[in-house]
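J.: Below is one structure. I have some questions about it.
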Amino acid sequence: MIKLIASDMDGTLLDGDSHVPPETYDLIRSLREKGIHFAASSGRRYDTLCEFFEPVADGMDFVASNGAQVYADGDLIDREVYSHASLKRLERVVDMFDCLHLVLFDRRRSFLFDEEQHYEREIDKDLPNGERVFEVPGPETNIIKASVFCDADDQVMDMAYALNRELGDRFVFAPSGRKWIDAMQPGVTKASGIDQIMGLYGIKADEVMAFGDAMNDYEILRMVGSSRAMGNARYAIKQVAAKVIGTNLDHSVQKAMREVLEAAE
């Protein structure tokens, strides 16, 4: 029996307009009544995810900022903060390439290392509360997410490789969307966040169903017993998932949630 459902947001649970389909809220409530937990697992920050799920936020779980923020029933159970020294190294390496533009995020702000016109907002990179900076904020600022925008067409994979060659001892680099690269902390992923939620509730991997479409969903799809790749997912994600379902435009996650609910009746 499925006891926990974990879903990515952009390209997965959200519709083509980046909205939560309205039926999602009732599904989350009904699943909870059956003892089935629902967790949003996303590159987006916790504050943003709470806005998306405002009607049901107090009755679900969150793995936010690619695993750096983990909340269960409204309680913070983990927060992974970036090393200040590692971020300074990341800044120096990004400066080597004229096509790359760094952004750091704390709980509320987006620290932009270039003028705003150098960036394109895309999926979870909407850059809320943008603040222009000229160096890495001091160590008293808790950075929970780092991303790099690549303005060179079709060069995200090459630049992710270059970043990995320079900084593979400090970060894991994963393409995110068309022009962004997430710089993630080693060992901190959506899977590590879901693993903590599983431990809290005493849930096993084969009792978890997870949905995803992008490379930052790779680890979680490899970990759970019932992995689902979206029809619009990256090729590698489709290869490692147990099953490929429809696209986010078809509300395919919601259809699967309904099937889990019916099976629990």
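Ordered as shown in the structure tokens, chains take letters A, B, and onward, while each chain numbers its residues from 1 and ligands are numbered from 1 in the order shown.
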Which residues of region 28-65 of chain A sit at most 12 Å from region 188-205 of chain A, using only C-alpha atoms? Give each one's shortest atom pair and distance in Å (one decimal place), in chain and ascending residue order, as a tab-separated table.

T.:
```
residue	atom	partner	partner_atom	distance
A:Gly35	CA	A:Tyr201	CA	10.7
A:Ile36	CA	A:Ile203	CA	10.4
A:His37	CA	A:Tyr201	CA	9.2
A:Phe38	CA	A:Ile197	CA	10.4
A:Ala39	CA	A:Ile194	CA	8.1
A:Ala40	CA	A:Ile194	CA	9.6
A:Ser41	CA	A:Lys190	CA	6.1
A:Ser42	CA	A:Lys190	CA	7.2
A:Gly43	CA	A:Lys190	CA	8.4
A:Arg44	CA	A:Lys190	CA	11.2
A:Met60	CA	A:Ile197	CA	11.0
A:Asp61	CA	A:Ile197	CA	8.0
A:Phe62	CA	A:Gly193	CA	8.6
A:Val63	CA	A:Gly193	CA	5.6
A:Ala64	CA	A:Lys190	CA	7.8
A:Ser65	CA	A:Lys190	CA	8.3
```

J.: Tell me, as a PyMOL selection string, which residues lie within 9 Å of region 244-261 of chain A, counting only C-alpha atoms; anything in the same chain fewer than 5 positions away does not count.

T.: chain A and resi 1-2+5+7+10-16+21+23-24+27-28+30-31+34+36+211+227-233+238-239

J.: Which residues are close to region 113-130 of chain A, i.e. within 8 Å by only C-alpha atoms, leaving aside same-chain residues fewer than 6 positions away? Reply as a VMD selection string.

T.: chain A and resid 10 18 43 to 44 101 to 103 149 151 177

J.: Just C-alpha atoms for this one: save the residues we selected as a CSV table (one decimal), in the first residue's frame.

T.:
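Saved result, again22.csv, follows:
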```csv
chain,number,residue,atom,x,y,z
A,10,ASP,CA,7.0,22.5,-12.4
A,18,SER,CA,2.2,27.0,-13.5
A,43,GLY,CA,13.5,23.2,-6.3
A,44,ARG,CA,11.3,26.1,-5.1
A,101,HIS,CA,25.3,34.4,-14.1
A,102,LEU,CA,25.1,33.3,-10.4
A,103,VAL,CA,22.1,33.6,-8.1
A,149,PHE,CA,21.9,31.0,-15.5
A,151,ASP,CA,22.7,32.8,-21.5
A,177,GLY,CA,14.9,23.9,-17.2
```

J.: Going by DSSP on the backbone, which residues of region 80-250 of chain A come out as strand (DSSP E or B)? List them as number ranges by chain.

T.: A: 100-105, 110-112, 122, 125, 130-132, 145-150, 172-176, 180-184, 208-212, 226-229, 243-244

J.: Grab the residues selected above and save them as a PDB file, in the first residue's frame with C-alpha atoms.

T.:
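Result file out36.pdb:
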```
ATOM      1  CA  LEU A 100      27.166  32.310 -16.680  1.00  0.00           C
ATOM      2  CA  HIS A 101      25.330  34.386 -14.066  1.00  0.00           C
ATOM      3  CA  LEU A 102      25.057  33.345 -10.421  1.00  0.00           C
ATOM      4  CA  VAL A 103      22.056  33.608  -8.085  1.00  0.00           C
ATOM      5  CA  LEU A 104      21.991  32.677  -4.404  1.00  0.00           C
ATOM      6  CA  PHE A 105      18.859  32.309  -2.310  1.00  0.00           C
ATOM      7  CA  SER A 110      17.347  36.231  -4.318  1.00  0.00           C
ATOM      8  CA  PHE A 111      20.901  37.582  -4.505  1.00  0.00           C
ATOM      9  CA  LEU A 112      21.699  38.506  -8.122  1.00  0.00           C
ATOM     10  CA  GLU A 122      11.990  30.078 -15.708  1.00  0.00           C
ATOM     11  CA  LYS A 125      13.728  30.526 -10.925  1.00  0.00           C
ATOM     12  CA  GLY A 130      15.746  40.190  -6.065  1.00  0.00           C
ATOM     13  CA  GLU A 131      18.700  42.049  -4.578  1.00  0.00           C
ATOM     14  CA  ARG A 132      21.783  43.068  -6.596  1.00  0.00           C
ATOM     15  CA  LYS A 145      19.979  27.357  -2.774  1.00  0.00           C
ATOM     16  CA  ALA A 146      22.404  28.271  -5.560  1.00  0.00           C
ATOM     17  CA  SER A 147      21.677  28.397  -9.277  1.00  0.00           C
ATOM     18  CA  VAL A 148      23.532  29.516 -12.384  1.00  0.00           C
ATOM     19  CA  PHE A 149      21.888  31.009 -15.461  1.00  0.00           C
ATOM     20  CA  CYS A 150      23.481  30.230 -18.835  1.00  0.00           C
ATOM     21  CA  VAL A 172      26.586  18.548  -7.752  1.00  0.00           C
ATOM     22  CA  PHE A 173      25.485  20.391 -10.902  1.00  0.00           C
ATOM     23  CA  ALA A 174      22.153  19.498 -12.507  1.00  0.00           C
ATOM     24  CA  PRO A 175      20.481  21.190 -15.502  1.00  0.00           C
ATOM     25  CA  SER A 176      17.158  22.711 -14.489  1.00  0.00           C
ATOM     26  CA  TRP A 180      19.529  27.057 -15.642  1.00  0.00           C
ATOM     27  CA  ILE A 181      21.930  24.849 -13.703  1.00  0.00           C
ATOM     28  CA  ASP A 182      21.336  24.048 -10.033  1.00  0.00           C
ATOM     29  CA  ALA A 183      24.453  23.885  -7.847  1.00  0.00           C
ATOM     30  CA  MET A 184      23.430  21.407  -5.162  1.00  0.00           C
ATOM     31  CA  VAL A 208       6.323   5.629  -1.595  1.00  0.00           C
ATOM     32  CA  MET A 209       5.152   6.859  -4.998  1.00  0.00           C
ATOM     33  CA  ALA A 210       7.111   9.731  -6.558  1.00  0.00           C
ATOM     34  CA  PHE A 211       6.610  11.841  -9.683  1.00  0.00           C
ATOM     35  CA  GLY A 212       9.183  13.893 -11.595  1.00  0.00           C
ATOM     36  CA  SER A 226       6.757   3.326  -7.318  1.00  0.00           C
ATOM     37  CA  SER A 227       8.530   5.878  -9.523  1.00  0.00           C
ATOM     38  CA  ARG A 228       6.609   7.775 -12.179  1.00  0.00           C
ATOM     39  CA  ALA A 229       8.161   9.860 -14.968  1.00  0.00           C
ATOM     40  CA  LYS A 243       6.513   3.793 -15.328  1.00  0.00           C
ATOM     41  CA  VAL A 244       6.002   6.711 -17.712  1.00  0.00           C
TER      42      VAL A 244
END
```

J.: What parts of region 86-212 of chain A does DSSP call alpha helix (DSSP H)? I'd like the answer as a PyMOL selection string.

T.: chain A and resi 86-94+156-167+190-201

J.: What is the CA of Asp8 (chain A) to CA of Gly168 (chain A) distance in Å?

T.: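 Going from CA of Asp8 (chain A) over to CA of Gly168 (chain A) covers 25.1 Å.
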
J.: Report the distance between CA of Ala160 (chain A) and CA of Phe97 (chain A) in Å, rounded to one decimal place.

T.: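 Going from CA of Ala160 (chain A) over to CA of Phe97 (chain A) covers 11.7 Å.
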
J.: Under the rule that only C-alpha atoms are counted, which of A:Val70, A:Ala162, A:Val156, A:Ala214 is the nearest residue to Ile144 (chain A)?

T.: A:Val70
